[in-house]
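The file model.tsv comes next; it holds TSV, C-alpha atoms and all ligand atoms.
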```tsv
chain	number	residue	atom	x	y	z
A	1	MET	CA	0.00	0.00	0.00
A	2	ILE	CA	1.08	3.50	-0.78
A	3	ALA	CA	-0.20	5.20	2.39
A	4	ASP	CA	0.05	8.62	0.77
A	5	SER	CA	1.96	10.43	-1.94
A	6	ASP	CA	1.73	13.74	-3.78
A	7	PHE	CA	3.55	12.67	-6.95
A	8	GLY	CA	0.40	12.75	-9.08
A	9	ASP	CA	0.42	9.14	-10.24
A	10	VAL	CA	1.71	5.81	-8.98
A	11	ASP	CA	3.00	4.44	-12.29
A	12	ILE	CA	6.64	4.01	-11.24
A	13	GLU	CA	5.71	2.18	-8.04
A	14	ARG	CA	3.05	0.07	-9.75
A	15	GLU	CA	5.48	-1.20	-12.36
A	16	ILE	CA	8.05	-2.24	-9.76
A	17	VAL	CA	5.56	-3.80	-7.35
A	18	GLU	CA	3.48	-5.62	-9.98
A	19	ASP	CA	6.55	-6.89	-11.84
A	20	ALA	CA	7.51	-8.60	-8.58
A	21	GLY	CA	4.10	-10.28	-8.41
A	22	PHE	CA	2.39	-8.10	-5.80
A	23	GLU	CA	-0.72	-5.94	-5.98
A	24	LEU	CA	-0.55	-2.20	-5.37
A	25	LEU	CA	-3.13	-0.36	-3.29
A	26	ALA	CA	-2.80	3.43	-3.66
A	27	ALA	CA	-4.31	5.39	-0.76
A	28	GLN	CA	-4.13	9.02	0.40
A	29	CYS	CA	-4.17	8.64	4.18
A	30	LYS	CA	-3.77	11.85	6.15
A	31	ASN	CA	-3.67	10.35	9.63
A	32	GLU	CA	-2.89	7.16	11.46
A	33	ASP	CA	-6.55	6.03	11.68
A	34	GLU	CA	-6.74	6.08	7.90
A	35	VAL	CA	-3.49	4.13	7.66
A	36	ILE	CA	-5.00	1.49	9.98
A	37	GLU	CA	-8.28	1.38	8.10
A	38	ARG	CA	-6.69	0.97	4.67
A	39	GLY	CA	-3.52	-0.89	5.62
A	40	ARG	CA	-4.45	-3.36	8.32
A	41	ASP	CA	-3.88	-6.41	6.12
A	42	VAL	CA	-1.22	-5.26	3.67
A	43	ASP	CA	2.25	-6.81	3.35
A	44	GLY	CA	4.17	-3.57	3.00
A	45	VAL	CA	3.65	0.17	3.30
A	46	LEU	CA	5.22	3.06	1.38
A	47	THR	CA	4.70	6.39	3.10
A	48	GLN	CA	5.49	9.97	2.23
A	49	TYR	CA	3.89	12.05	5.01
A	50	ALA	CA	1.25	9.73	6.56
A	51	ARG	CA	2.19	8.81	10.11
A	52	VAL	CA	2.81	5.13	10.74
A	53	GLY	CA	2.96	5.11	14.51
A	54	SER	CA	2.79	2.35	17.09
A	55	ARG	CA	-1.02	2.14	16.90
A	56	ALA	CA	-0.89	1.40	13.18
A	57	ILE	CA	2.07	-0.93	13.57
A	58	ASP	CA	0.28	-2.90	16.31
A	59	ALA	CA	-2.85	-3.09	14.15
A	60	PHE	CA	-1.04	-4.48	11.09
A	61	THR	CA	-1.72	-8.19	10.69
A	62	ARG	CA	1.02	-9.09	8.18
A	63	CYS	CA	3.12	-6.03	7.37
A	64	ARG	CA	6.83	-6.79	6.88
A	65	VAL	CA	8.20	-3.54	5.53
A	66	ILE	CA	7.61	0.19	5.90
A	67	ALA	CA	9.49	2.12	3.22
A	68	ARG	CA	9.68	5.88	3.62
A	69	TYR	CA	9.77	8.04	0.51
A	70	GLY	CA	12.63	10.21	1.72
A	71	THR	CA	15.38	10.35	4.28
A	72	GLY	CA	13.77	11.44	7.58
A	73	VAL	CA	11.80	8.73	9.39
A	74	ASP	CA	10.24	10.91	12.10
A	75	ILE	CA	6.75	9.86	10.90
A	76	VAL	CA	7.45	6.16	11.57
A	77	ASP	CA	7.65	4.63	15.05
A	78	VAL	CA	10.83	2.70	14.32
A	79	ASP	CA	11.01	1.10	17.80
A	80	ALA	CA	7.48	-0.26	17.45
A	81	ALA	CA	8.34	-1.61	14.00
A	82	THR	CA	11.47	-3.30	15.33
A	83	ARG	CA	9.47	-4.91	18.15
A	84	ARG	CA	7.13	-6.41	15.58
A	85	GLY	CA	9.96	-7.50	13.26
A	86	ILE	CA	9.01	-4.99	10.56
A	87	GLN	CA	11.85	-3.65	8.44
A	88	VAL	CA	11.88	0.15	8.07
A	89	THR	CA	13.78	1.60	5.12
A	90	ASN	CA	14.53	5.11	3.93
A	91	ALA	CA	16.28	6.68	0.96
A	92	PRO	CA	19.98	7.38	1.47
A	93	ASN	CA	20.39	11.13	1.58
A	94	ASP	CA	22.17	11.56	-1.75
A	95	TRP	CA	18.87	11.28	-3.67
A	96	CYS	CA	18.20	14.98	-3.05
A	97	ALA	CA	21.19	16.41	-1.19
A	98	GLU	CA	22.31	18.59	-4.11
A	99	GLU	CA	18.79	19.92	-4.61
A	100	VAL	CA	18.32	20.81	-0.92
A	101	ALA	CA	21.69	22.54	-0.82
A	102	ASP	CA	20.81	24.53	-3.96
A	103	HIS	CA	17.45	25.45	-2.45
A	104	ALA	CA	18.98	26.55	0.86
A	105	VAL	CA	21.35	28.85	-1.00
A	106	ALA	CA	18.54	30.10	-3.26
A	107	LEU	CA	16.40	30.95	-0.21
A	108	TRP	CA	19.37	32.57	1.49
A	109	LEU	CA	20.23	34.78	-1.49
A	110	ALA	CA	16.58	35.61	-2.18
A	111	ALA	CA	16.15	36.77	1.44
A	112	ALA	CA	19.50	38.53	1.72
A	113	ARG	CA	19.15	40.29	-1.66
A	114	LYS	CA	15.39	40.95	-1.07
A	115	ILE	CA	14.50	39.34	-4.40
A	116	CYS	CA	10.85	38.67	-3.54
A	117	ALA	CA	10.32	42.17	-2.09
A	118	TYR	CA	11.81	43.76	-5.22
A	119	ASP	CA	9.75	41.55	-7.48
A	120	GLN	CA	6.51	42.50	-5.71
A	121	ALA	CA	7.43	46.20	-5.73
A	122	THR	CA	8.30	46.36	-9.43
A	123	ARG	CA	5.07	44.58	-10.35
A	124	GLN	CA	3.23	47.33	-8.46
A	125	GLY	CA	5.07	50.06	-10.38
A	126	THR	CA	7.83	50.88	-7.86
A	127	TRP	CA	11.18	50.96	-9.67
A	128	GLN	CA	13.49	51.88	-6.80
A	129	TRP	CA	16.47	50.16	-5.23
A	130	GLN	CA	15.19	51.58	-1.92
A	131	SER	CA	12.30	49.12	-1.78
A	132	GLY	CA	14.84	46.51	-0.62
A	133	GLN	CA	16.65	48.70	1.89
A	134	PRO	CA	18.68	47.76	3.88
A	135	ILE	CA	20.85	45.16	2.15
A	136	TRP	CA	24.29	44.32	3.53
A	137	ARG	CA	27.35	43.04	1.64
A	138	LEU	CA	27.66	39.28	2.04
A	139	ARG	CA	31.45	39.03	1.84
A	140	GLY	CA	32.95	38.86	5.31
A	141	GLN	CA	29.66	38.05	7.09
A	142	VAL	CA	29.13	34.98	9.24
A	143	PHE	CA	27.16	32.15	7.66
A	144	GLY	CA	26.04	29.65	10.30
A	145	LEU	CA	24.85	26.10	9.84
A	146	LEU	CA	22.86	24.10	12.39
A	147	SER	CA	24.26	20.62	11.70
A	148	PHE	CA	27.15	19.63	9.51
A	149	GLY	CA	25.59	16.56	7.93
A	150	ALA	CA	25.61	15.60	4.27
A	151	ILE	CA	23.42	18.46	3.08
A	152	ALA	CA	24.94	21.11	5.33
A	153	GLN	CA	28.37	20.22	3.94
A	154	LEU	CA	27.14	20.90	0.41
A	155	VAL	CA	25.60	24.19	1.56
A	156	ALA	CA	28.94	25.18	3.12
A	157	GLU	CA	30.75	24.39	-0.11
A	158	ARG	CA	28.40	26.67	-2.05
A	159	ALA	CA	28.29	29.47	0.52
A	160	ARG	CA	32.07	29.81	0.61
A	161	ALA	CA	31.99	31.10	-2.98
A	162	PHE	CA	30.25	34.23	-1.65
A	163	GLY	CA	33.12	35.08	0.67
A	164	VAL	CA	31.27	34.43	3.91
A	165	GLU	CA	32.89	32.92	7.00
A	166	VAL	CA	31.22	29.54	7.58
A	167	TRP	CA	30.46	28.39	11.13
A	168	ALA	CA	28.65	25.20	12.10
A	169	HIS	CA	27.26	23.59	15.22
A	170	ASP	CA	26.95	19.80	15.18
A	171	PRO	CA	27.17	18.10	18.59
A	172	PHE	CA	27.71	14.66	17.05
A	173	LEU	CA	30.67	15.42	14.82
A	174	ASP	CA	34.31	15.74	15.68
A	175	GLU	CA	35.51	19.33	15.48
A	176	SER	CA	38.47	18.26	13.32
A	177	GLU	CA	35.98	17.12	10.66
A	178	LEU	CA	34.61	20.66	10.44
A	179	ARG	CA	38.03	22.32	10.55
A	180	SER	CA	39.31	20.10	7.74
A	181	ARG	CA	36.57	21.62	5.58
A	182	HIS	CA	37.45	25.19	6.58
A	183	VAL	CA	34.40	25.52	8.79
A	184	ARG	CA	34.60	26.92	12.31
A	185	PRO	CA	33.04	24.62	14.92
A	186	VAL	CA	30.95	26.62	17.38
A	187	SER	CA	28.55	26.02	20.26
A	188	PHE	CA	24.80	26.45	19.74
A	189	ASP	CA	24.96	29.75	21.65
A	190	GLN	CA	27.81	31.08	19.49
A	191	LEU	CA	25.96	30.04	16.35
A	192	VAL	CA	22.77	31.79	17.41
A	193	GLU	CA	24.45	34.97	18.65
A	194	GLY	CA	27.14	35.30	15.98
A	195	SER	CA	25.47	34.33	12.68
A	196	ASP	CA	24.44	36.96	10.16
A	197	HIS	CA	22.75	34.19	8.17
A	198	LEU	CA	21.71	30.94	9.84
A	199	VAL	CA	20.65	27.83	7.92
A	200	ILE	CA	18.85	25.10	9.88
A	201	GLN	CA	19.72	21.71	8.37
A	202	ALA	CA	19.47	19.45	11.43
A	203	PRO	CA	17.02	16.55	11.67
A	204	LEU	CA	13.82	16.96	13.68
A	205	THR	CA	14.44	15.25	17.01
A	206	PRO	CA	13.21	15.85	20.58
A	207	GLY	CA	16.40	17.92	20.95
A	208	THR	CA	15.79	20.17	17.94
A	209	ARG	CA	11.98	20.57	18.14
A	210	HIS	CA	11.36	24.26	18.90
A	211	ALA	CA	15.11	24.89	19.14
A	212	PHE	CA	14.20	28.29	17.65
A	213	ASP	CA	11.77	29.53	20.26
A	214	ARG	CA	11.48	33.04	21.75
A	215	THR	CA	14.57	32.60	23.93
A	216	THR	CA	16.76	31.59	20.98
A	217	LEU	CA	15.36	34.11	18.50
A	218	ARG	CA	15.75	36.93	21.05
A	219	ARG	CA	19.51	36.26	21.09
A	220	MET	CA	20.04	36.52	17.33
A	221	LYS	CA	21.38	39.64	15.61
A	222	PRO	CA	18.66	42.13	14.60
A	223	SER	CA	20.12	42.04	11.08
A	224	ALA	CA	20.12	38.22	10.94
A	225	ILE	CA	18.32	36.09	8.38
A	226	LEU	CA	17.05	32.64	9.37
A	227	ILE	CA	16.70	29.92	6.74
A	228	ASN	CA	15.00	26.60	7.49
A	229	THR	CA	15.44	23.84	4.92
A	230	ALA	CA	14.88	21.13	7.53
A	231	ARG	CA	11.56	20.30	9.25
A	232	GLY	CA	9.06	23.02	10.19
A	233	PRO	CA	8.66	22.20	13.91
A	234	ILE	CA	12.32	23.08	14.62
A	235	VAL	CA	11.09	26.70	14.55
A	236	GLU	CA	8.24	27.86	16.78
A	237	ASP	CA	6.12	29.90	14.37
A	238	THR	CA	4.45	32.21	16.89
A	239	ALA	CA	7.90	33.07	18.26
A	240	LEU	CA	9.22	33.67	14.73
A	241	TYR	CA	6.26	35.96	14.00
A	242	GLN	CA	7.08	38.00	17.09
A	243	ALA	CA	10.79	38.06	16.19
A	244	LEU	CA	10.04	39.36	12.70
A	245	THR	CA	7.45	41.93	13.70
A	246	GLU	CA	9.40	43.27	16.68
A	247	GLY	CA	12.74	43.44	14.85
A	248	TRP	CA	14.58	40.71	16.78
A	249	ILE	CA	15.75	39.40	13.38
A	250	ALA	CA	15.54	40.86	9.87
A	251	GLY	CA	14.06	38.08	7.77
A	252	ALA	CA	13.28	34.41	7.34
A	253	ALA	CA	13.09	31.96	4.46
A	254	LEU	CA	11.31	28.71	5.19
A	255	ASP	CA	10.83	25.49	3.25
A	256	ASP	CA	8.34	24.20	5.83
A	257	LEU	CA	6.08	25.55	8.55
A	258	GLU	CA	5.60	24.29	12.06
A	259	GLU	CA	2.11	23.00	11.18
A	260	GLU	CA	3.63	20.90	8.33
A	261	PRO	CA	0.94	21.60	5.69
A	262	ALA	CA	1.90	18.53	3.64
A	263	LYS	CA	0.60	16.32	6.44
A	264	GLN	CA	-2.84	18.00	6.44
A	265	ARG	CA	-5.91	17.63	4.28
A	266	ASP	CA	-7.58	20.88	3.12
A	267	TRP	CA	-4.76	23.04	4.44
A	268	ARG	CA	-5.31	26.80	4.11
A	269	PRO	CA	-2.68	29.58	4.46
A	270	HIS	CA	-3.92	31.01	7.77
A	271	ASN	CA	-0.46	31.12	9.33
A	272	PRO	CA	0.19	34.79	10.28
A	273	LEU	CA	3.72	34.49	8.83
A	274	PHE	CA	2.14	34.79	5.36
A	275	SER	CA	1.16	38.38	6.14
A	276	LEU	CA	4.79	39.47	6.60
A	277	PRO	CA	6.87	40.95	3.78
A	278	ASN	CA	10.15	39.75	5.29
A	279	VAL	CA	9.28	36.04	5.04
A	280	ILE	CA	9.71	33.73	2.06
A	281	VAL	CA	7.92	30.37	2.14
A	282	THR	CA	8.30	27.42	-0.22
A	283	PRO	CA	6.12	24.28	0.07
A	284	HIS	CA	8.66	21.70	1.34
A	285	ALA	CA	10.09	21.71	-2.15
A	286	ALA	CA	13.80	21.82	-1.40
A	287	TYR	CA	14.25	18.17	-2.36
A	288	TYR	CA	12.44	18.54	-5.63
A	289	SER	CA	13.89	18.02	-9.07
A	290	GLU	CA	12.51	15.68	-11.70
A	291	GLN	CA	15.51	13.40	-11.15
A	292	ALA	CA	15.14	13.36	-7.36
A	293	VAL	CA	11.44	12.50	-7.38
A	294	THR	CA	11.90	9.66	-9.85
A	295	ALA	CA	14.81	8.35	-7.81
A	296	VAL	CA	13.01	8.38	-4.46
A	297	ARG	CA	9.93	6.64	-5.84
A	298	ARG	CA	12.07	3.88	-7.34
A	299	ILE	CA	14.12	3.53	-4.17
A	300	ALA	CA	11.06	3.17	-1.89
A	301	ALA	CA	9.25	0.67	-4.13
A	302	GLU	CA	12.40	-1.40	-4.75
A	303	GLU	CA	13.22	-1.51	-1.04
A	304	ALA	CA	9.73	-2.81	-0.26
A	305	VAL	CA	9.99	-5.48	-2.96
A	306	ARG	CA	13.46	-6.48	-1.80
A	307	VAL	CA	12.28	-7.11	1.75
A	308	LEU	CA	9.11	-8.88	0.65
A	309	THR	CA	11.11	-11.22	-1.60
A	310	GLY	CA	13.52	-12.17	1.18
A	311	GLN	CA	16.44	-9.96	0.19
A	312	ASN	CA	18.25	-7.51	2.42
A	313	ALA	CA	17.19	-3.86	2.28
A	314	ARG	CA	19.86	-1.57	0.84
A	315	SER	CA	19.00	1.26	3.21
A	316	PRO	CA	17.66	-0.31	6.42
A	317	VAL	CA	16.79	2.05	9.28
A	318	ASN	CA	16.38	-0.71	11.92
A	319	GLU	CA	17.72	-4.18	12.51
A	320	VAL	CA	15.18	-6.98	12.40
A	321	PRO	CA	15.76	-10.72	12.56
A	322	ALA	CA	15.90	-12.41	9.14
A	323	ARG	CA	12.72	-14.30	8.20
A	324	LEU	CA	12.79	-17.80	6.91
B	1	LIG	N1	13.37	20.32	2.87
B	1	LIG	C1	13.62	19.20	2.25
B	1	LIG	O1	13.12	18.93	1.16
B	1	LIG	C2	14.58	18.21	2.87
B	1	LIG	C3	15.09	17.14	2.12
B	1	LIG	C4	16.02	16.28	2.70
B	1	LIG	C5	16.37	16.45	4.02
B	1	LIG	N2	15.82	17.48	4.74
B	1	LIG	C6	16.14	17.66	6.16
B	1	LIG	O2	17.54	17.82	6.33
B	1	LIG	C7	17.95	17.06	7.44
B	1	LIG	C8	19.43	16.73	7.32
B	1	LIG	O3	19.63	15.90	6.19
B	1	LIG	P1	21.08	15.27	5.89
B	1	LIG	O4	20.90	14.45	4.67
B	1	LIG	O5	22.12	16.33	5.91
B	1	LIG	O6	21.23	14.33	7.15
B	1	LIG	P2	22.56	13.70	7.78
B	1	LIG	O7	22.10	12.52	8.55
B	1	LIG	O8	23.64	13.54	6.76
B	1	LIG	O9	23.06	14.82	8.79
B	1	LIG	C9	22.35	15.21	9.92
B	1	LIG	C10	23.36	15.90	10.83
B	1	LIG	O10	22.62	16.53	11.88
B	1	LIG	C11	23.40	16.44	13.03
B	1	LIG	N3	22.57	16.70	14.20
B	1	LIG	C12	21.76	15.84	14.87
B	1	LIG	N4	21.19	16.49	15.93
B	1	LIG	C13	21.67	17.75	15.91
B	1	LIG	C14	21.47	18.88	16.74
B	1	LIG	N5	20.69	18.82	17.82
B	1	LIG	N6	22.11	20.02	16.43
B	1	LIG	C15	22.93	20.10	15.36
B	1	LIG	N7	23.18	19.05	14.54
B	1	LIG	C16	22.54	17.90	14.80
B	1	LIG	C17	23.99	15.04	12.96
B	1	LIG	O11	25.13	14.91	13.80
B	1	LIG	C18	24.35	14.94	11.48
B	1	LIG	O12	25.68	15.35	11.24
B	1	LIG	C19	17.01	15.84	7.42
B	1	LIG	O13	16.86	15.25	8.69
B	1	LIG	C20	15.70	16.42	6.93
B	1	LIG	O14	14.87	16.84	7.99
B	1	LIG	C21	14.93	18.35	4.19
```

Could you show the structure in this file as structure tokens?
Ligand SMILES: NC(=O)c1ccc[n+]([C@@H]2O[C@H](COP(=O)([O-])OP(=O)(O)OC[C@H]3O[C@@H](n4cnc5c(N)ncnc54)[C@H](O)[C@@H]3O)[C@@H](O)[C@H]2O)c1
Amino acid sequence: MIADSDFGDVDIEREIVEDAGFELLAAQCKNEDEVIERGRDVDGVLTQYARVGSRAIDAFTRCRVIARYGTGVDIVDVDAATRRGIQVTNAPNDWCAEEVADHAVALWLAAARKICAYDQATRQGTWQWQSGQPIWRLRGQVFGLLSFGAIAQLVAERARAFGVEVWAHDPFLDESELRSRHVRPVSFDQLVEGSDHLVIQAPLTPGTRHAFDRTTLRRMKPSAILINTARGPIVEDTALYQALTEGWIAGAALDDLEEEPAKQRDWRPHNPLFSLPNVIVTPHAAYYSEQAVTAVRRIAAEEAVRVLTGQNARSPVNEVPARL
């Protein structure tokens, strides 16, 4: 079963699954109850945003694999799956790492160079450089990264071309790893207080959820720009709204919102952030390119088929005993 997907059709998955002798059920579940209702008796689940938590996993009667379309597995209760001997797989992060790094830099430059503000102004007949004022020279400024994982490393590589000084905070990496790539390792506090531009590229974990709340945002530079190309809930939106309206920071560019619209049915843009001129929002599109989407669909379907035909997953997230 495809629990949910927003790729428009299921042709790629159908070909892979049916060629292996299975049937494909394509659903559009928006919550765990719908996953249970549709997926109780399926052999494997592919999921994009639909939560497959412990309730669903306990309700499954024969499921052997949960394949996530993508890298993050925060929507799957991996411990519950392991307990029930269900293999969880993801897509190794190189399927979209270049795209996300490009998008992070595009959001950064658009915010720093006020591209969206200028575009709106010129369309309304205002042909003045002042409609973007103030803009600061990038060269020499501090470009901070929250995490120095695969994607953040590609962002750092790109950012360096603009003459910025790259700092990163990653509590799980050796500082020498950062230094060897000409990046200054800093504490979370130094990152927050010293960055002129701060890109969030850490996974969503209990430790990063709401890491950017009022207390953190209050400590940033008033000229700072915050970019989030990770998961929405790392930033507390009401706090960000206050930070942007009261001048705690200068601007934000977000590829996701705290409410995670992609996980909702009939979502509407009621978030007050949409009323602000110093915010840019893209619809969790950083990963997107035609190549990336095709790759991730193939990877998820092939992983499911591999597990269901007794082969080892190529990108297992958990360890489960082999089945006879
Ligand atoms: N917007 C998109 O379309 C999109 C696409 C892919 C990935 N992402 C997001 O980007 C994240 C990172 O992806 P990746 O491929 O670089 O992952 P990765 O596993 O290569 O790197 C993650 C890094 O985060 C670090 N980290 C963990 N907790 C941290 C913390 N509290 N503070 C700072 N660093 C921390 C880890 O040590 C690791 O180095 C993903 O988890 C996902 O949420 C977004």

Next on the checklist: Can you work out which residues are within 9 Å of ligand LIG 1 (chain B), considering all atoms listed in the file, and then hand them over as a VMD selection string?
Outcome noted: chain A and resid 70 to 74 92 to 97 99 to 100 103 to 104 145 to 154 168 to 173 188 200 to 209 211 228 to 232 254 to 256 283 to 288

Next on the checklist: I'd like the neighbourhood of A:Arg83 as a ChimeraX atom specification, where a residue qualifies if any of its atoms comes within 12 Å (using only C-alpha atoms), though same-chain residues fewer than 2 positions away should be ignored.
Outcome noted: /A:54,57-58,64,77-81,85-88,318-321

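Across the model, the gap from atom CA of A:Arg158 to atom CA of A:Arg68 is 28.5 Å.
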
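Taking all atoms listed in the file into account, A:Pro261 lies nearest to A:Val281 out of the set A:Glu32, A:Val281, A:Ala301, A:Gly125.
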
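Going from atom CA of A:Ala304 over to atom CA of A:Val17, you cover 8.3 Å.
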
Item to check | Residue contacts of A:Gly53 (6 Å, only C-alpha atoms) excluding same-chain residues fewer than 2 positions away, as a list in words | outcome: Arg51, Arg55, Ala56, Val76 and Asp77 of chain A

Next on the checklist: List the spatial neighbours of A:Glu23 as a PyMOL selection string - criterion: any atom at most 12 Å away, only C-alpha atoms, same-chain residues fewer than 2 positions off excluded.
Outcome noted: chain A and resi 1-2+13-21+25-26+42-45+305

Checklist outcome for this item: Nearest to A:Cys63, restricted to only C-alpha atoms and choosing among A:Ile225, A:Gly132, A:Leu308, A:Val142, comes out as A:Leu308
